[in-house]
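Asker: My structure file query_35.cif, mmCIF, C-alpha atoms and all ligand atoms, is below:
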```cif
data_input
loop_
_atom_site.label_atom_id
_atom_site.label_comp_id
_atom_site.auth_asym_id
_atom_site.auth_seq_id
_atom_site.Cartn_x
_atom_site.Cartn_y
_atom_site.Cartn_z
CA MET A 1104 63.45 126.43 133.59
CA SER A 1105 64.32 123.99 136.29
CA GLY A 1106 66.18 125.24 139.32
CA ASP A 1107 68.48 122.18 139.34
CA ARG A 1108 72.17 122.93 139.15
CA GLU A 1109 73.63 120.88 136.32
CA ILE A 1110 76.36 118.51 137.48
CA GLN A 1111 79.53 119.10 135.53
CA THR A 1112 80.83 115.90 133.90
CA ILE A 1113 84.46 115.13 134.64
CA SER A 1114 86.01 112.58 132.33
CA PHE A 1115 88.94 110.42 133.41
CA THR A 1116 88.69 108.24 130.33
CA ARG A 1117 91.04 109.48 127.61
CA GLY A 1118 94.71 110.36 127.73
CA VAL A 1119 94.57 113.27 125.30
CA PRO A 1120 96.15 116.72 125.46
CA PRO A 1121 93.85 119.65 126.29
CA PRO A 1122 93.18 122.36 123.65
CA GLU A 1123 95.49 124.80 125.46
CA ALA A 1124 98.38 122.40 124.78
CA PHE A 1125 98.33 123.12 121.06
CA PRO A 1126 100.57 125.90 119.76
CA THR A 1127 98.02 126.62 117.05
CA GLY A 1128 99.42 129.95 115.85
CA GLN A 1129 102.94 128.55 115.52
CA ILE A 1130 101.66 125.48 113.68
CA GLN A 1131 99.78 127.77 111.31
CA GLU A 1132 102.98 129.70 110.60
CA CYS A 1133 104.90 126.49 109.97
CA ALA A 1134 102.18 125.19 107.64
CA ILE A 1135 102.31 128.37 105.55
CA ALA A 1136 106.12 128.40 105.49
CA ILE A 1137 106.47 124.75 104.45
CA LEU A 1138 103.82 125.05 101.73
CA GLU A 1139 105.50 128.18 100.36
CA ARG A 1140 109.00 126.75 100.46
CA GLU A 1141 108.46 123.01 99.82
CA GLY A 1142 104.91 122.86 98.43
CA SER A 1143 105.93 120.71 95.48
CA VAL A 1144 107.49 118.16 97.87
CA VAL A 1145 104.88 117.96 100.63
CA LEU A 1146 101.90 117.98 98.25
CA GLN A 1147 103.34 115.09 96.24
CA TYR A 1148 103.64 111.32 96.87
CA HIS A 1149 106.86 110.68 98.73
CA PRO A 1150 109.10 107.68 99.59
CA ALA A 1151 107.44 105.91 102.50
CA ALA A 1152 110.35 106.16 104.98
CA GLY A 1153 109.38 109.81 105.48
CA LEU A 1154 110.51 113.37 104.78
CA LEU A 1155 114.30 113.30 104.56
CA PRO A 1156 115.03 116.57 106.42
CA LEU A 1157 112.86 115.37 109.33
CA ARG A 1158 114.60 111.98 109.30
CA GLU A 1159 117.93 113.82 109.34
CA TRP A 1160 116.82 116.05 112.22
CA LEU A 1161 115.75 113.00 114.24
CA ALA A 1162 118.90 111.07 113.26
CA GLN A 1163 121.04 113.83 114.69
CA ARG A 1164 119.07 113.84 117.94
CA TYR A 1165 119.50 110.07 118.34
CA GLY A 1166 123.07 109.84 117.00
CA VAL A 1167 122.14 107.47 114.16
CA ALA A 1168 122.16 107.59 110.35
CA PRO A 1169 119.02 109.00 108.65
CA GLU A 1170 118.57 105.52 107.11
CA ALA A 1171 117.89 104.21 110.64
CA VAL A 1172 114.82 106.48 110.98
CA LEU A 1173 111.31 105.75 109.74
CA VAL A 1174 108.65 108.47 110.03
CA SER A 1175 105.03 107.40 109.70
CA ASN A 1176 101.43 108.38 110.42
CA GLY A 1177 101.68 108.13 114.20
CA SER A 1178 103.66 105.62 116.22
CA LEU A 1179 100.76 103.20 116.60
CA GLN A 1180 100.82 102.68 112.83
CA ILE A 1181 104.49 101.69 113.10
CA GLU A 1182 103.62 99.28 115.91
CA GLU A 1183 101.16 97.64 113.56
CA PHE A 1184 103.78 97.27 110.78
CA LEU A 1185 106.42 96.03 113.22
CA THR A 1186 104.11 93.41 114.66
CA ARG A 1187 103.30 92.08 111.21
CA LEU A 1188 106.97 92.02 110.27
CA LEU A 1189 108.36 90.47 113.45
CA THR A 1190 105.65 87.98 114.42
CA SER A 1191 103.69 85.10 112.94
CA PRO A 1192 100.34 83.99 114.36
CA GLY A 1193 100.89 82.07 117.61
CA ASP A 1194 104.18 83.81 118.47
CA VAL A 1195 104.55 85.15 121.99
CA VAL A 1196 104.81 88.87 122.61
CA LEU A 1197 105.55 90.06 126.15
CA VAL A 1198 104.12 93.25 127.58
CA GLU A 1199 104.21 94.91 130.95
CA SER A 1200 101.06 94.11 132.90
CA PRO A 1201 99.26 96.47 132.79
CA SER A 1202 100.20 98.03 129.44
CA TYR A 1203 98.79 100.31 126.74
CA ASP A 1204 95.46 98.76 125.69
CA ARG A 1205 95.70 99.71 122.00
CA ALA A 1206 99.13 98.10 121.71
CA ILE A 1207 97.75 94.88 123.22
CA THR A 1208 94.91 95.01 120.68
CA ILE A 1209 97.36 95.41 117.78
CA PHE A 1210 99.51 92.48 118.91
CA ARG A 1211 96.46 90.26 119.31
CA ARG A 1212 95.02 91.28 115.95
CA ALA A 1213 98.23 90.03 114.32
CA GLY A 1214 97.61 86.66 116.01
CA ALA A 1215 100.30 87.04 118.68
CA ARG A 1216 99.86 85.45 122.09
CA VAL A 1217 100.22 88.38 124.48
CA VAL A 1218 101.74 87.46 127.85
CA GLY A 1219 102.07 89.92 130.74
CA VAL A 1220 105.11 90.61 132.90
CA PRO A 1221 103.94 92.13 136.21
CA LEU A 1222 104.82 95.78 136.63
CA GLU A 1223 106.36 96.92 139.92
CA PRO A 1224 106.83 100.52 141.13
CA ASP A 1225 110.29 100.57 139.45
CA GLY A 1226 109.38 98.65 136.29
CA PHE A 1227 108.81 95.07 135.09
CA ASP A 1228 109.43 92.08 137.37
CA VAL A 1229 112.87 90.87 136.27
CA GLY A 1230 112.51 87.28 137.51
CA THR A 1231 109.25 86.77 135.59
CA LEU A 1232 110.72 88.32 132.44
CA GLU A 1233 113.72 86.01 132.60
CA SER A 1234 111.69 82.85 133.19
CA LEU A 1235 109.19 83.79 130.45
CA THR A 1236 111.94 84.51 127.93
CA LYS A 1237 113.48 81.09 128.63
CA LYS A 1238 110.18 79.22 128.45
CA GLN A 1239 108.20 81.12 125.83
CA LYS A 1240 110.86 82.40 123.40
CA PRO A 1241 109.07 85.72 122.82
CA LYS A 1242 109.53 87.64 119.58
CA PHE A 1243 109.63 90.93 121.47
CA PHE A 1244 109.03 92.64 124.78
CA TYR A 1245 106.96 95.80 124.47
CA ILE A 1246 107.92 98.32 127.15
CA ILE A 1247 106.98 101.93 127.90
CA PRO A 1248 109.88 102.79 130.21
CA ASP A 1249 109.11 106.45 130.99
CA PHE A 1250 105.83 107.46 132.69
CA GLN A 1251 104.13 104.34 131.45
CA ASN A 1252 100.62 104.25 130.03
CA PRO A 1253 98.53 103.35 132.08
CA THR A 1254 100.40 103.50 135.43
CA GLY A 1255 102.86 106.44 135.19
CA VAL A 1256 105.65 104.08 136.36
CA THR A 1257 109.25 104.66 135.20
CA THR A 1258 111.61 101.70 134.75
CA SER A 1259 114.79 101.98 136.86
CA LEU A 1260 118.21 102.15 135.23
CA ALA A 1261 119.16 98.77 136.71
CA LYS A 1262 116.12 97.15 135.07
CA ARG A 1263 116.83 98.87 131.73
CA GLU A 1264 120.35 97.44 131.82
CA ARG A 1265 119.11 94.00 132.79
CA LEU A 1266 116.59 94.08 129.95
CA VAL A 1267 119.30 94.75 127.39
CA ASP A 1268 121.36 91.85 128.81
CA LEU A 1269 118.40 89.49 128.59
CA ALA A 1270 117.49 90.59 125.05
CA GLU A 1271 121.05 89.90 123.88
CA ARG A 1272 121.31 86.60 125.75
CA TYR A 1273 117.92 85.16 124.75
CA ASP A 1274 117.69 86.89 121.37
CA PHE A 1275 114.43 88.81 121.44
CA TRP A 1276 113.63 92.35 120.32
CA VAL A 1277 112.85 95.11 122.79
CA LEU A 1278 110.20 97.48 121.48
CA GLU A 1279 110.71 100.65 123.51
CA ASP A 1280 107.70 102.96 123.14
CA ASN A 1281 108.53 106.32 124.64
CA PRO A 1282 106.08 109.11 123.68
CA TYR A 1283 105.90 110.69 127.18
CA ARG A 1284 109.64 110.77 127.89
CA GLU A 1285 110.11 114.51 127.47
CA LEU A 1286 107.16 115.37 129.70
CA ARG A 1287 109.14 115.03 132.93
CA TYR A 1288 107.95 117.22 135.81
CA ALA A 1289 110.29 116.00 138.59
CA GLY A 1290 113.38 113.85 139.19
CA GLU A 1291 116.32 112.96 136.98
CA GLU A 1292 116.15 111.78 133.39
CA LEU A 1293 117.27 108.17 132.80
CA PRO A 1294 118.91 106.93 129.59
CA THR A 1295 116.54 105.41 127.04
CA VAL A 1296 116.81 101.63 126.69
CA PHE A 1297 117.86 102.33 123.09
CA SER A 1298 120.82 104.44 124.22
CA LEU A 1299 122.26 101.51 126.19
CA GLY A 1300 123.69 100.37 122.89
CA SER A 1301 122.06 97.09 121.86
CA GLU A 1302 120.98 96.35 118.28
CA LYS A 1303 118.08 94.41 119.79
CA VAL A 1304 116.34 97.63 120.92
CA LEU A 1305 113.87 99.40 118.61
CA HIS A 1306 112.89 102.88 119.75
CA LEU A 1307 109.47 104.25 118.98
CA SER A 1308 108.25 107.76 119.70
CA SER A 1309 105.85 110.41 118.51
CA PHE A 1310 105.05 114.09 118.20
CA SER A 1311 101.51 113.40 119.46
CA LYS A 1312 102.14 114.33 123.09
CA VAL A 1313 104.76 117.07 122.57
CA LEU A 1314 103.10 118.89 119.66
CA SER A 1315 99.75 117.50 118.42
CA PRO A 1316 98.20 114.06 117.94
CA GLY A 1317 96.10 115.28 115.00
CA ILE A 1318 99.24 116.00 113.03
CA ARG A 1319 99.85 112.18 112.97
CA VAL A 1320 103.64 112.03 113.00
CA GLY A 1321 105.44 109.23 114.84
CA TYR A 1322 108.82 107.60 114.24
CA LEU A 1323 111.01 104.57 114.76
CA ILE A 1324 114.76 104.32 115.27
CA ALA A 1325 115.87 100.82 114.24
CA PRO A 1326 118.57 98.93 112.30
CA GLU A 1327 118.59 100.01 108.64
CA PRO A 1328 117.47 96.67 107.09
CA LEU A 1329 114.41 96.70 109.33
CA VAL A 1330 113.61 100.30 108.39
CA GLN A 1331 113.82 99.33 104.70
CA GLN A 1332 111.44 96.40 105.19
CA LEU A 1333 109.00 98.57 107.14
CA ALA A 1334 109.16 101.31 104.52
CA ARG A 1335 108.21 98.74 101.85
CA MET A 1336 105.30 97.61 104.00
CA ALA A 1337 104.25 101.24 104.50
CA GLU A 1338 104.44 101.90 100.76
CA ASP A 1339 102.28 98.85 100.05
CA THR A 1340 99.77 100.10 102.62
CA TYR A 1341 99.41 103.86 102.01
CA VAL A 1342 101.88 104.65 99.21
CA SER A 1343 103.09 107.76 100.99
CA PRO A 1344 102.80 109.02 104.55
CA ASN A 1345 101.11 112.31 105.47
CA MET A 1346 103.69 114.69 104.06
CA ILE A 1347 101.99 117.91 105.08
CA GLY A 1348 102.05 116.77 108.72
CA GLN A 1349 105.72 115.80 108.43
CA GLY A 1350 106.55 119.11 106.71
CA ILE A 1351 104.91 121.11 109.50
CA VAL A 1352 106.68 119.08 112.20
CA TYR A 1353 110.02 119.52 110.43
CA GLU A 1354 109.54 123.28 110.13
CA TYR A 1355 108.55 123.46 113.81
CA CYS A 1356 111.67 121.57 114.88
CA ARG A 1357 113.96 123.44 112.46
CA ARG A 1358 112.90 126.75 114.00
CA GLY A 1359 113.91 125.49 117.46
CA TRP A 1360 110.36 125.71 118.80
CA LEU A 1361 109.97 122.15 120.09
CA GLY A 1362 112.06 122.56 123.28
CA PRO A 1363 110.25 125.74 124.43
CA ASN A 1364 106.90 124.11 123.62
CA ILE A 1365 107.79 121.13 125.81
CA ASP A 1366 108.76 123.53 128.64
CA ARG A 1367 105.38 125.22 128.24
CA LEU A 1368 103.59 121.85 128.39
CA ARG A 1369 105.48 120.87 131.53
CA ASP A 1370 104.30 124.10 133.15
CA ILE A 1371 100.69 123.25 132.25
CA TYR A 1372 100.80 119.59 133.32
CA GLN A 1373 102.98 119.62 136.44
CA PRO A 1374 100.36 121.32 138.68
CA ARG A 1375 97.73 118.88 137.38
CA LEU A 1376 99.88 115.93 138.45
CA GLU A 1377 100.37 117.58 141.84
CA GLY A 1378 96.61 118.22 142.08
CA LEU A 1379 95.78 114.59 141.33
CA SER A 1380 98.39 113.28 143.77
CA SER A 1381 97.07 115.47 146.59
CA ALA A 1382 93.44 114.61 145.82
CA LEU A 1383 94.23 110.88 145.88
CA GLU A 1384 95.99 111.26 149.23
CA GLU A 1385 93.04 113.16 150.62
CA TYR A 1386 90.03 111.30 149.20
CA LEU A 1387 91.30 107.80 148.34
CA ALA A 1388 93.76 107.18 151.13
CA GLU A 1389 93.39 103.37 150.92
CA ALA A 1390 94.27 103.18 147.24
CA GLN A 1391 97.71 102.12 146.02
CA TRP A 1392 99.57 103.98 143.31
CA THR A 1393 103.08 105.00 142.32
CA ARG A 1394 103.79 108.73 142.17
CA PRO A 1395 104.80 109.45 138.56
CA GLU A 1396 107.53 111.93 137.71
CA GLY A 1397 105.93 112.89 134.40
CA GLY A 1398 103.58 111.85 131.63
CA PHE A 1399 99.79 111.77 131.46
CA PHE A 1400 98.61 109.13 133.94
CA ILE A 1401 98.41 107.81 137.46
CA GLY A 1402 97.39 104.15 137.72
CA VAL A 1403 95.40 103.45 140.89
CA TYR A 1404 94.61 100.11 142.50
CA LEU A 1405 91.56 100.49 144.72
CA ALA A 1406 91.40 98.50 147.91
CA PRO A 1407 88.97 95.56 147.93
CA PRO A 1408 86.02 94.95 148.21
CA VAL A 1409 85.10 97.54 145.55
CA ASN A 1410 82.84 96.29 142.76
CA MET A 1411 84.26 98.16 139.79
CA SER A 1412 81.34 97.86 137.39
CA ALA A 1413 79.03 99.19 140.13
CA LEU A 1414 81.54 101.96 140.83
CA ARG A 1415 81.74 102.95 137.15
CA ALA A 1416 77.95 103.05 136.80
CA LYS A 1417 77.43 105.07 139.98
CA ALA A 1418 80.32 107.37 139.12
CA ARG A 1419 78.69 108.05 135.74
CA ASP A 1420 75.47 109.03 137.55
CA MET A 1421 77.55 111.45 139.62
CA GLY A 1422 79.18 112.91 136.51
CA VAL A 1423 82.54 111.11 136.71
CA LEU A 1424 83.53 109.00 133.71
CA LEU A 1425 85.98 106.14 134.28
CA SER A 1426 87.43 103.58 131.88
CA ASP A 1427 87.38 99.84 132.43
CA GLY A 1428 90.79 98.87 133.81
CA LYS A 1429 90.66 95.33 132.43
CA GLY A 1430 91.69 96.31 128.89
CA PHE A 1431 95.15 97.21 130.15
CA PHE A 1432 95.81 93.72 131.52
CA PRO A 1433 96.65 91.04 128.95
CA GLU A 1434 95.41 88.28 131.24
CA GLY A 1435 92.16 90.15 131.95
CA ASP A 1436 92.80 90.86 135.63
CA GLY A 1437 92.78 94.51 136.72
CA ASP A 1438 89.44 94.32 138.47
CA LEU A 1439 90.47 97.04 140.90
CA PHE A 1440 92.52 99.12 138.50
CA LEU A 1441 91.72 102.68 137.42
CA ARG A 1442 93.74 104.69 134.92
CA LEU A 1443 93.48 108.37 135.77
CA PRO A 1444 94.67 110.74 133.04
CA PHE A 1445 95.28 114.22 134.49
CA CYS A 1446 96.54 116.44 131.64
CA ALA A 1447 93.22 117.46 130.10
CA LEU A 1448 91.52 118.50 133.35
CA SER A 1449 91.99 121.63 135.46
CA VAL A 1450 93.22 121.22 139.04
CA ASP A 1451 89.71 122.13 140.26
CA GLU A 1452 88.09 119.50 138.04
CA ILE A 1453 90.60 116.89 139.22
CA GLU A 1454 89.94 117.67 142.87
CA GLU A 1455 86.16 117.66 142.37
CA GLY A 1456 86.28 114.40 140.38
CA ILE A 1457 88.41 112.57 142.95
CA ALA A 1458 86.31 113.93 145.83
CA ARG A 1459 83.17 112.49 144.17
CA LEU A 1460 84.98 109.22 143.53
CA GLY A 1461 86.23 109.07 147.12
CA SER A 1462 82.73 109.51 148.52
CA LEU A 1463 81.52 106.64 146.33
CA VAL A 1464 84.41 104.29 147.11
CA ASN A 1465 83.86 104.86 150.80
CA SER A 1466 80.13 104.18 150.54
CA MET A 1467 79.04 100.60 151.05
CA ASP A 1468 76.82 100.23 148.00
CA ILE A 1469 79.65 99.73 145.52
CA HIS A 1470 81.27 97.05 147.63
CA VAL A 1471 81.41 93.51 146.31
CA SER A 1472 79.74 92.05 149.39
CA ARG A 1473 76.59 94.04 148.66
CA GLY A 1474 76.39 92.80 145.05
CA ARG A 1475 74.99 95.01 142.31
C1 LIG A 1501 102.29 104.35 124.98
C2 LIG A 1501 101.66 104.94 123.76
N1 LIG A 1501 102.12 104.61 122.56
C3 LIG A 1501 101.57 105.12 121.44
C4 LIG A 1501 100.52 106.01 121.49
C5 LIG A 1501 99.93 106.52 120.22
O1 LIG A 1501 100.79 107.42 119.62
P1 LIG A 1501 100.53 108.00 118.18
O2 LIG A 1501 99.55 109.12 118.31
O3 LIG A 1501 101.90 108.47 117.76
O4 LIG A 1501 100.03 106.91 117.28
C6 LIG A 1501 100.00 106.39 122.73
C7 LIG A 1501 98.86 107.30 122.81
O5 LIG A 1501 98.16 107.43 123.77
C8 LIG A 1501 100.59 105.83 123.89
O6 LIG A 1501 100.12 106.13 125.12
#
```
Since I need it in another form, could you write the structure as structure tokens?

Answerer:
Amino acid sequence: MSGDREIQTISFTRGVPPPEAFPTGQIQECAIAILEREGSVVLQYHPAAGLLPLREWLAQRYGVAPEAVLVSNGSLQIEEFLTRLLTSPGDVVLVESPSYDRAITIFRRAGARVVGVPLEPDGFDVGTLESLTKKQKPKFFYIIPDFQNPTGVTTSLAKRERLVDLAERYDFWVLEDNPYRELRYAGEELPTVFSLGSEKVLHLSSFSKVLSPGIRVGYLIAPEPLVQQLARMAEDTYVSPNMIGQGIVYEYCRRGWLGPNIDRLRDIYQPRLEGLSSALEEYLAEAQWTRPEGGFFIGVYLAPPVNMSALRAKARDMGVLLSDGKGFFPEGDGDLFLRLPFCALSVDEIEEGIARLGSLVNSMDIHVSRGR
């Protein structure tokens, strides 16, 4: 046996919930109950717009008709359908820069030209959005207004209102993707862009971050004709969505368990956000970041002259895994950007990981001037 102490690997790569986030026993109970009560429904093919009682439950929450709700196998799947429906190859889609890398991939795969609108500490840059909408005639603007992936930034109310004005005036869709909204650990809730009352806003969300991603249930609130078109597309793709997942989610919500589960998650995640904020202040004092009020991520811009690929390689040797920031930037910049997910790490792991990172960033050998 060697006497070496094994270095614990700390991964800042994936924004996933930790195992302790899952209310496994409750989900088990809901699975048994829904199979006993509605087995013949949830084990059968089903109309592709989703399980009606779940659509009705969501409709009531959003103050819309059940026909305005589509429930599918995760919200990313709906993003894929929406992109195919709303865009043709060559069309312009606007995103915040940086934005969620998988969404950018989906838009590109459909042939869209993805153009970034710089993100400021209170949301997208309004002037750039306005000039781009005039010049480029985008099909939609994809925005994550609450605790954005990858930066944690929340869009101010003034910018939400301005966005709705611009969408009406220049006739483009707003695709509001809001899966982190209910994971608020500080500050005051702002209205969703959808709730500001424009037919141009499509609201996308998911049970992935408030219940379980493996259950694969996400949803869209949109005008009814659009929901019908998307449901046809869904039917032609997978015939029927995952009904057992939808049945379990419905039973969970019907029992009134979702709200208390979200409170429990906030209690788990809030100290982790605090831990990451304090560690950044202590060990990466030169870095720039916006303090999030919720969600899963802090987006950090390191001060030059850090060589990021050297930093990632050396960090890996020290047991700290980092993702490449470039994927979040549609124009490929983001050389100095790090997305730091904090929910799946303990406060001790966060502090240790950022301390290791800080010692590297402050050492000369990952600086650009020294090369690789
Ligand atoms: C902004 C955003 N949208 C969508 C998703 C994916 O959600 P789902 O699991 O519902 O497909 C994620 C997951 O990380 C996300 O961060």

Asker: Using all atoms listed in the file, what are the residues with an atom within 7 Å of ligand LIG 1501 (chain A), set out as a PyMOL selection string?

Answerer: chain A and resi 1118+1177-1180+1203+1247+1251-1252+1280-1282+1308-1311+1316+1319-1321

Asker: Using the selection just defined, write its residues with C-alpha atoms as a PDB file, keeping the file's coordinate frame.

Answerer:
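So selection_30.pdb came out as:
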```pdb
ATOM      1  CA  GLY A1118      94.710 110.360 127.730  1.00  0.00           C
ATOM      2  CA  GLY A1177     101.680 108.130 114.200  1.00  0.00           C
ATOM      3  CA  SER A1178     103.660 105.620 116.220  1.00  0.00           C
ATOM      4  CA  LEU A1179     100.760 103.200 116.600  1.00  0.00           C
ATOM      5  CA  GLN A1180     100.820 102.680 112.830  1.00  0.00           C
ATOM      6  CA  TYR A1203      98.790 100.310 126.740  1.00  0.00           C
ATOM      7  CA  ILE A1247     106.980 101.930 127.900  1.00  0.00           C
ATOM      8  CA  GLN A1251     104.130 104.340 131.450  1.00  0.00           C
ATOM      9  CA  ASN A1252     100.620 104.250 130.030  1.00  0.00           C
ATOM     10  CA  ASP A1280     107.700 102.960 123.140  1.00  0.00           C
ATOM     11  CA  ASN A1281     108.530 106.320 124.640  1.00  0.00           C
ATOM     12  CA  PRO A1282     106.080 109.110 123.680  1.00  0.00           C
ATOM     13  CA  SER A1308     108.250 107.760 119.700  1.00  0.00           C
ATOM     14  CA  SER A1309     105.850 110.410 118.510  1.00  0.00           C
ATOM     15  CA  PHE A1310     105.050 114.090 118.200  1.00  0.00           C
ATOM     16  CA  SER A1311     101.510 113.400 119.460  1.00  0.00           C
ATOM     17  CA  PRO A1316      98.200 114.060 117.940  1.00  0.00           C
ATOM     18  CA  ARG A1319      99.850 112.180 112.970  1.00  0.00           C
ATOM     19  CA  VAL A1320     103.640 112.030 113.000  1.00  0.00           C
ATOM     20  CA  GLY A1321     105.440 109.230 114.840  1.00  0.00           C
TER      21      GLY A1321
END
```

Asker: Could you please determine the separation between CA of Pro1326 (chain A) and CA of Pro1294 (chain A) in Å, to one decimal place?

Answerer: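 Atom-to-atom, CA of Pro1326 (chain A) to CA of Pro1294 (chain A), that is 19.1 Å.
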
Asker: Which is closer to Tyr1165 (chain A) than all the others in A:Arg1140, A:His1306, A:Arg1205, A:Lys1237, using only C-alpha atoms?

Answerer: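 Closest to Tyr1165 (chain A) of all the choices is A:His1306.
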
Asker: Using all atoms listed in the file, determine which residues lie at most 8 Å from Pro1395 (chain A), disregarding the query and same-chain residues fewer than 3 positions distant; provide the list as a list of chain:residue names.

Answerer: A:Phe1250, A:Gly1255, A:Val1256, A:Thr1257, A:Gly1398, A:Phe1400, A:Ile1401

Asker: Taking all atoms listed in the file into account, which of A:Ile1347, A:Leu1414, A:Ala1388, A:Ala1261 comes nearest Gln1147 (chain A)?

Answerer: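 Of all the options, A:Ile1347 lies closest to Gln1147 (chain A).
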
Asker: Pick out the closest residue to Gly1142 (chain A) from this set: A:Val1217, A:Gly1350, A:Trp1392, A:Asp1420. Count only C-alpha atoms.

Answerer: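 Among A:Val1217, A:Gly1350, A:Trp1392, A:Asp1420, it is A:Gly1350 that comes nearest to Gly1142 (chain A).
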
Asker: Could you tell me how far CA of Leu1222 (chain A) lies from CA of Phe1184 (chain A), in Å and to one decimal?

Answerer: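 Between these atoms lies a distance of 25.9 Å.
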
Asker: Using all atoms listed in the file, which of the listed residues (A:Arg1367, A:Arg1284, A:Arg1263, A:Arg1357) sits closest to Leu1157 (chain A)?

Answerer: A:Arg1357

Asker: Using all atoms listed in the file, pick whichever of A:Tyr1341, A:Tyr1353, A:Phe1432, A:Phe1399 has the shortest atom-to-atom distance to Leu1155 (chain A).

Answerer: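 Nearest candidate to Leu1155 (chain A) out of A:Tyr1341, A:Tyr1353, A:Phe1432, A:Phe1399: A:Tyr1353.
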
Asker: May I have the residues within 9 Å of Ile1453 (chain A) as a short mmCIF file (atom, residue, chain, number, x, y, z; two decimals) with C-alpha atoms, keeping the file's coordinate frame, using all atoms listed in the file and disregarding those fewer than 6 positions away in the same chain?

Answerer:
```cif
data_model
loop_
_atom_site.label_atom_id
_atom_site.label_comp_id
_atom_site.auth_asym_id
_atom_site.auth_seq_id
_atom_site.Cartn_x
_atom_site.Cartn_y
_atom_site.Cartn_z
CA ILE A 1113 84.46 115.13 134.64
CA PHE A 1115 88.94 110.42 133.41
CA ARG A 1375 97.73 118.88 137.38
CA GLY A 1378 96.61 118.22 142.08
CA LEU A 1379 95.78 114.59 141.33
CA ALA A 1382 93.44 114.61 145.82
CA PHE A 1445 95.28 114.22 134.49
#
```

Asker: Tell me, in Å to one decimal, how far CA of Arg1212 (chain A) is from CA of Pro1241 (chain A).

Answerer: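 Computed distance, CA of Arg1212 (chain A) to CA of Pro1241 (chain A), equals 16.6 Å.
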
Asker: Quick one: axis-aligned box around all listed atoms of region 1194-1207 of chain A, 8 Å on every side, centre and edge lengths in Å to one decimal, written as lines of an AutoDock Vina configuration file.

Answerer:
```
center_x = 100.5
center_y = 92.1
center_z = 125.7
size_x = 26.1
size_y = 32.5
size_z = 30.4
```

Asker: Compute the distance from (105.2, 99.0, 104.5) to each atom, counting only C-alpha atoms, keep the residues with any atom at most 12 Å away, and return them as a ChimeraX atom specification; use the coordinates of the file.

Answerer: /A:1150-1153,1173-1176,1180-1188,1329-1344

Asker: Select, from A:Leu1405, A:Ala1215, A:Leu1376, A:Met1411, the residue with the minimum atom-to-atom distance to Ser1449 (chain A), counting all atoms listed in the file.

Answerer: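 Distance minimum relative to Ser1449 (chain A) lands on A:Leu1376.
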
Asker: Just the residues within 10 Å of Thr1231 (chain A), please, counting only C-alpha atoms, with nothing from its chain fewer than 5 positions along; format it as a short mmCIF file (atom, residue, chain, number, x, y, z; two decimals) with C-alpha atoms, in the frame of the given file.

Answerer:
```
data_model
loop_
_atom_site.label_atom_id
_atom_site.label_comp_id
_atom_site.auth_asym_id
_atom_site.auth_seq_id
_atom_site.Cartn_x
_atom_site.Cartn_y
_atom_site.Cartn_z
CA GLY A 1219 102.07 89.92 130.74
CA VAL A 1220 105.11 90.61 132.90
CA PRO A 1221 103.94 92.13 136.21
CA THR A 1236 111.94 84.51 127.93
CA LYS A 1237 113.48 81.09 128.63
#
```
